[in-house]
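What follows is the content of start_18.cif, which has mmCIF, C-alpha atoms and all ligand atoms:
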```cif
data_entry
loop_
_atom_site.label_atom_id
_atom_site.label_comp_id
_atom_site.auth_asym_id
_atom_site.auth_seq_id
_atom_site.Cartn_x
_atom_site.Cartn_y
_atom_site.Cartn_z
CA MET A 1 84.83 70.68 95.01
CA THR A 2 87.15 73.14 93.30
CA HIS A 3 89.88 74.24 95.64
CA ALA A 4 92.11 77.31 95.23
CA LEU A 5 95.23 78.32 97.12
CA LEU A 6 95.10 82.03 97.99
CA VAL A 7 98.57 83.40 98.78
CA ILE A 8 98.26 86.67 100.69
CA ASP A 9 100.81 89.50 100.30
CA LEU A 10 104.08 87.54 100.18
CA GLN A 11 105.96 90.73 99.33
CA ASN A 12 109.39 92.11 100.24
CA ASP A 13 108.04 94.82 102.56
CA PHE A 14 106.42 92.14 104.78
CA CYS A 15 109.59 90.04 104.92
CA PRO A 16 112.67 90.63 107.11
CA GLY A 17 114.44 93.80 105.90
CA GLY A 18 111.18 95.25 104.57
CA ALA A 19 109.30 98.38 105.65
CA LEU A 20 106.64 96.46 107.60
CA ALA A 21 108.58 93.28 108.30
CA VAL A 22 106.75 90.30 109.76
CA ALA A 23 109.03 88.07 111.84
CA GLY A 24 109.77 84.89 109.87
CA GLY A 25 107.84 86.12 106.84
CA ASP A 26 110.39 84.60 104.48
CA GLU A 27 110.34 81.18 106.20
CA ILE A 28 107.03 80.20 104.60
CA VAL A 29 107.99 80.78 100.94
CA HIS A 30 109.36 77.29 100.29
CA GLY A 31 106.37 75.54 101.87
CA ILE A 32 103.94 77.68 99.87
CA ASN A 33 105.73 76.89 96.59
CA ALA A 34 105.52 73.20 97.42
CA ALA A 35 101.81 73.43 98.29
CA MET A 36 100.89 75.06 94.94
CA ASN A 37 100.83 71.68 93.16
CA ASP A 38 98.00 70.40 95.38
CA PHE A 39 95.36 72.91 94.18
CA ASP A 40 93.07 73.45 91.19
CA ALA A 41 94.05 77.14 91.07
CA VAL A 42 96.66 79.44 92.60
CA ILE A 43 95.82 83.09 93.25
CA LEU A 44 98.23 85.69 94.65
CA THR A 45 97.33 88.98 96.30
CA GLN A 46 99.57 92.03 96.22
CA ASP A 47 99.26 94.99 98.61
CA TRP A 48 99.58 97.93 96.19
CA HIS A 49 99.40 101.46 97.63
CA PRO A 50 99.94 104.81 95.91
CA ALA A 51 102.52 107.09 97.60
CA GLY A 52 100.84 109.21 100.28
CA HIS A 53 98.20 106.53 100.98
CA SER A 54 95.79 107.40 103.81
CA SER A 55 96.90 104.31 105.80
CA PHE A 56 100.47 105.65 106.06
CA ALA A 57 101.45 107.41 109.31
CA SER A 58 103.67 109.78 107.29
CA THR A 59 100.60 111.07 105.44
CA HIS A 60 99.15 112.30 108.75
CA ASP A 61 102.45 113.35 110.41
CA ALA A 62 101.65 110.66 112.98
CA ASP A 63 103.73 107.91 114.59
CA PRO A 64 103.74 104.52 112.85
CA MET A 65 101.44 102.04 114.61
CA SER A 66 99.28 104.81 116.09
CA MET A 67 95.53 104.70 115.50
CA THR A 68 93.23 107.10 113.66
CA GLU A 69 89.54 107.38 112.85
CA MET A 70 88.63 107.09 109.16
CA PRO A 71 85.10 107.57 107.77
CA TYR A 72 84.90 103.73 107.67
CA GLY A 73 86.19 103.13 111.21
CA THR A 74 89.39 102.82 113.24
CA GLN A 75 92.57 102.36 111.22
CA VAL A 76 96.14 101.50 112.22
CA LEU A 77 98.63 103.96 110.69
CA TRP A 78 101.41 101.92 109.13
CA PRO A 79 104.92 102.74 108.01
CA ASP A 80 105.01 103.49 104.26
CA HIS A 81 104.92 100.06 102.58
CA CYS A 82 104.14 98.29 99.29
CA ILE A 83 104.22 101.46 97.21
CA GLN A 84 103.18 100.76 93.62
CA GLY A 85 106.20 99.88 91.49
CA SER A 86 108.68 99.75 94.40
CA VAL A 87 111.00 96.85 95.22
CA GLY A 88 109.17 96.51 98.53
CA ALA A 89 105.91 95.84 96.68
CA GLN A 90 107.44 93.04 94.60
CA PHE A 91 106.80 89.44 95.58
CA HIS A 92 109.54 87.68 97.54
CA ALA A 93 112.14 86.70 94.95
CA ASN A 94 111.79 82.97 95.71
CA LEU A 95 107.99 82.85 95.46
CA GLN A 96 106.93 80.84 92.42
CA THR A 97 104.70 83.41 90.75
CA ASP A 98 104.56 81.53 87.41
CA ARG A 99 102.02 79.13 88.91
CA ALA A 100 99.50 81.92 89.57
CA ASP A 101 96.30 82.05 87.47
CA LEU A 102 95.42 85.45 88.93
CA ILE A 103 97.24 88.23 90.77
CA ILE A 104 94.83 90.54 92.54
CA ARG A 105 96.04 93.94 93.74
CA LYS A 106 94.42 95.80 96.62
CA GLY A 107 94.88 99.03 98.57
CA TYR A 108 95.13 101.18 95.43
CA ASN A 109 92.30 103.48 96.55
CA PRO A 110 94.11 106.41 98.28
CA ALA A 111 91.25 106.99 100.74
CA ILE A 112 90.54 103.40 101.86
CA ASP A 113 92.86 100.67 103.11
CA SER A 114 92.19 97.10 101.99
CA TYR A 115 93.35 94.26 104.19
CA SER A 116 90.93 91.80 102.67
CA ALA A 117 91.28 90.30 99.20
CA PHE A 118 87.47 90.58 98.88
CA PHE A 119 86.42 94.00 100.22
CA GLU A 120 88.16 97.26 101.05
CA ASN A 121 88.16 98.27 104.72
CA ASP A 122 84.81 100.08 104.27
CA LYS A 123 83.47 96.49 104.00
CA THR A 124 81.38 97.40 100.94
CA THR A 125 83.72 98.15 98.00
CA PRO A 126 84.47 94.80 96.32
CA THR A 127 87.83 93.93 94.75
CA GLY A 128 86.19 91.64 92.19
CA LEU A 129 87.76 88.45 93.59
CA GLU A 130 84.43 86.93 94.60
CA GLY A 131 83.10 87.18 91.05
CA TYR A 132 86.27 85.60 89.67
CA LEU A 133 86.04 82.67 92.08
CA ARG A 134 82.32 82.11 91.44
CA THR A 135 82.61 82.22 87.67
CA ARG A 136 85.42 79.65 87.85
CA GLY A 137 83.34 77.41 90.13
CA ILE A 138 85.83 77.67 92.99
CA ASP A 139 84.05 76.89 96.28
CA THR A 140 86.89 76.09 98.68
CA LEU A 141 89.89 78.23 99.60
CA THR A 142 93.08 77.55 101.50
CA LEU A 143 94.76 80.74 102.68
CA VAL A 144 98.47 81.18 103.40
CA GLY A 145 100.78 84.21 103.62
CA LEU A 146 101.15 87.48 105.50
CA ALA A 147 100.06 88.65 107.89
CA THR A 148 97.94 86.12 109.81
CA ASP A 149 96.28 88.78 111.97
CA TYR A 150 95.59 91.38 109.26
CA CYS A 151 95.29 90.51 105.60
CA VAL A 152 94.95 86.74 106.03
CA ASN A 153 92.39 87.22 108.81
CA TYR A 154 90.27 89.80 106.96
CA SER A 155 90.38 87.75 103.75
CA ALA A 156 89.46 84.51 105.54
CA VAL A 157 86.51 86.06 107.40
CA ASP A 158 85.16 87.76 104.26
CA ALA A 159 85.51 84.53 102.28
CA ALA A 160 83.65 82.53 104.93
CA THR A 161 80.95 85.21 105.21
CA SER A 162 80.58 85.15 101.40
CA GLY A 163 79.87 81.40 101.57
CA PHE A 164 83.20 79.79 100.65
CA LYS A 165 84.68 76.90 102.63
CA VAL A 166 87.83 78.37 104.14
CA ILE A 167 90.95 76.79 105.58
CA VAL A 168 93.91 78.77 106.95
CA ARG A 169 97.22 76.91 107.04
CA THR A 170 98.69 78.68 110.09
CA ASP A 171 102.02 76.90 109.56
CA LEU A 172 102.28 78.76 106.23
CA CYS A 173 101.37 82.16 107.73
CA ARG A 174 103.21 84.57 110.02
CA ALA A 175 101.69 87.34 112.20
CA ILE A 176 102.44 90.97 113.04
CA ASN A 177 100.85 90.39 116.49
CA PHE A 178 100.49 94.04 117.47
CA ASP A 179 98.51 94.80 120.65
CA GLY A 180 96.82 91.40 120.94
CA SER A 181 95.87 91.32 117.26
CA LEU A 182 96.74 87.64 116.74
CA ALA A 183 94.50 86.38 119.56
CA SER A 184 91.52 88.46 118.43
CA ALA A 185 92.08 87.46 114.80
CA THR A 186 92.17 83.78 115.74
CA ALA A 187 88.94 84.09 117.74
CA GLY A 188 87.25 86.04 114.93
CA MET A 189 88.21 83.50 112.26
CA GLN A 190 86.96 80.59 114.37
CA LYS A 191 83.68 82.38 115.03
CA SER A 192 83.21 82.85 111.27
CA GLY A 193 83.65 79.15 110.60
CA VAL A 194 87.21 79.31 109.24
CA ARG A 195 89.16 76.08 109.81
CA LEU A 196 92.60 76.76 111.27
CA LEU A 197 95.15 74.04 110.52
C1 LIG A 201 98.97 94.22 105.68
C2 LIG A 201 99.06 95.98 107.13
C3 LIG A 201 98.98 96.87 106.09
C4 LIG A 201 98.98 92.73 105.49
C5 LIG A 201 98.88 95.09 104.62
O1 LIG A 201 99.32 92.26 104.38
O2 LIG A 201 98.66 92.01 106.46
N1 LIG A 201 99.05 94.66 106.94
N2 LIG A 201 98.89 96.41 104.83
ZN ZN A 202 99.03 97.80 103.25
#
```
Encoded form (structure tokens):
Amino acid sequence: MTHALLVIDLQNDFCPGGALAVAGGDEIVHGINAAMNDFDAVILTQDWHPAGHSSFASTHDADPMSMTEMPYGTQVLWPDHCIQGSVGAQFHANLQTDRADLIIRKGYNPAIDSYSAFFENDKTTPTGLEGYLRTRGIDTLTLVGLATDYCVNYSAVDAATSGFKVIVRTDLCRAINFDGSLASATAGMQKSGVRLL
């Protein structure tokens, strides 16, 4: 077994004070740093949107957290967040990024959001992470980070569907929990064979 820790989107904009703050998002940083030593590989993801991204409410003159239909399905319209090169897109200052073998960026396609570290929200455009993991012989993943109900959830389900053994450390995740999203994410992950710890 080769086991990687996948740290999802531990960036300033998802922490208190950020543009899309997740309650308690900063509380998990210390525990994640400590966990890094227990794995064969550490991989970080970074939400990385161009200004004017199609997932931003401002791009559509819509209210943040309203819904819209995209060619690939229903999409939440978010406040502007994680804009390429901004302070909000940087990792939390206390996250130990030196331990990372790989940093994978996602959401750079202006027309398609990407919650998952594996596929964009069209569910077909790959990020390349699966190939990286396979060529390194990584077969088991533990996921931590932000947000439980969006990027952690989508990444965990895609990983399980792609054939990896997947564990989510819920104590090292925090959720947005918008409109019942945490309950449906939890049910979806369990159905896909993700182990929630
Ligand atoms: C995320 C909403 C928009 C996340 C990213 O990291 O969970 N959520 N972009
Ligand atoms: Zn985003």
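You can rank A:Met65, A:Ile32, A:Arg105, A:Asn94 by their closest distance to Thr45 in chain A using only C-alpha atoms, and at the top of that list sits A:Arg105.
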> Can I get the residues close to ligand LIG 201 (chain A) as a PyMOL selection string, where close means within 7 Å and we count only C-alpha atoms and all ligand atoms?
Replying inline: chain A and resi 8-9+47+78+115+146-152
Could you please take those selected residues and save C-alpha atoms as a PDB file, in the coordinates of the input?
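Done, and the output landed in again_32.pdb:
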```pdb
ATOM      1  CA  ILE A   8      98.260  86.670 100.690  1.00  0.00           C
ATOM      2  CA  ASP A   9     100.810  89.500 100.300  1.00  0.00           C
ATOM      3  CA  ASP A  47      99.260  94.990  98.610  1.00  0.00           C
ATOM      4  CA  TRP A  78     101.410 101.920 109.130  1.00  0.00           C
ATOM      5  CA  TYR A 115      93.350  94.260 104.190  1.00  0.00           C
ATOM      6  CA  LEU A 146     101.150  87.480 105.500  1.00  0.00           C
ATOM      7  CA  ALA A 147     100.060  88.650 107.890  1.00  0.00           C
ATOM      8  CA  THR A 148      97.940  86.120 109.810  1.00  0.00           C
ATOM      9  CA  ASP A 149      96.280  88.780 111.970  1.00  0.00           C
ATOM     10  CA  TYR A 150      95.590  91.380 109.260  1.00  0.00           C
ATOM     11  CA  CYS A 151      95.290  90.510 105.600  1.00  0.00           C
ATOM     12  CA  VAL A 152      94.950  86.740 106.030  1.00  0.00           C
TER      13      VAL A 152
END
```
Show me which residues sit within 8 Å of ligand ZN 202 (chain A) when counting all atoms listed in the file, and put them as a PDB file with C-alpha atoms, in the frame of the given file.
```pdb
ATOM      1  CA  ASP A  47      99.260  94.990  98.610  1.00  0.00           C
ATOM      2  CA  TRP A  48      99.580  97.930  96.190  1.00  0.00           C
ATOM      3  CA  HIS A  49      99.400 101.460  97.630  1.00  0.00           C
ATOM      4  CA  SER A  55      96.900 104.310 105.800  1.00  0.00           C
ATOM      5  CA  TRP A  78     101.410 101.920 109.130  1.00  0.00           C
ATOM      6  CA  HIS A  81     104.920 100.060 102.580  1.00  0.00           C
ATOM      7  CA  CYS A  82     104.140  98.290  99.290  1.00  0.00           C
ATOM      8  CA  GLY A 107      94.880  99.030  98.570  1.00  0.00           C
ATOM      9  CA  ASP A 113      92.860 100.670 103.110  1.00  0.00           C
ATOM     10  CA  SER A 114      92.190  97.100 101.990  1.00  0.00           C
ATOM     11  CA  TYR A 115      93.350  94.260 104.190  1.00  0.00           C
TER      12      TYR A 115
END
```
>> When you look at range 173-177 of chain A with a cut-off of 10 Å (counting only C-alpha atoms), what residues show up, excluding the ones that are within fewer than 2 positions of it in the same chain? I need them as a PyMOL selection string.
In response: chain A and resi 7-8+10+14-15+20-29+32+143-153+168-171+179-185
> With distances taken over all atoms listed in the file, which of A:Thr186, A:Asn37, A:Thr140, A:Thr127 is nearest to Phe164 in chain A?
Replying inline: A:Thr140
> At most 9 Å from (97.0, 77.1, 97.9), file frame, all atoms listed in the file: which residues, as an NGL selection string?
Replying inline: :A and (3-7 or 32-33 or 35-43 or 141-144)
> By how many Å are CA of Val157 in chain A and CA of Leu196 in chain A apart?
Replying inline: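 A separation of 11.8 Å between them.
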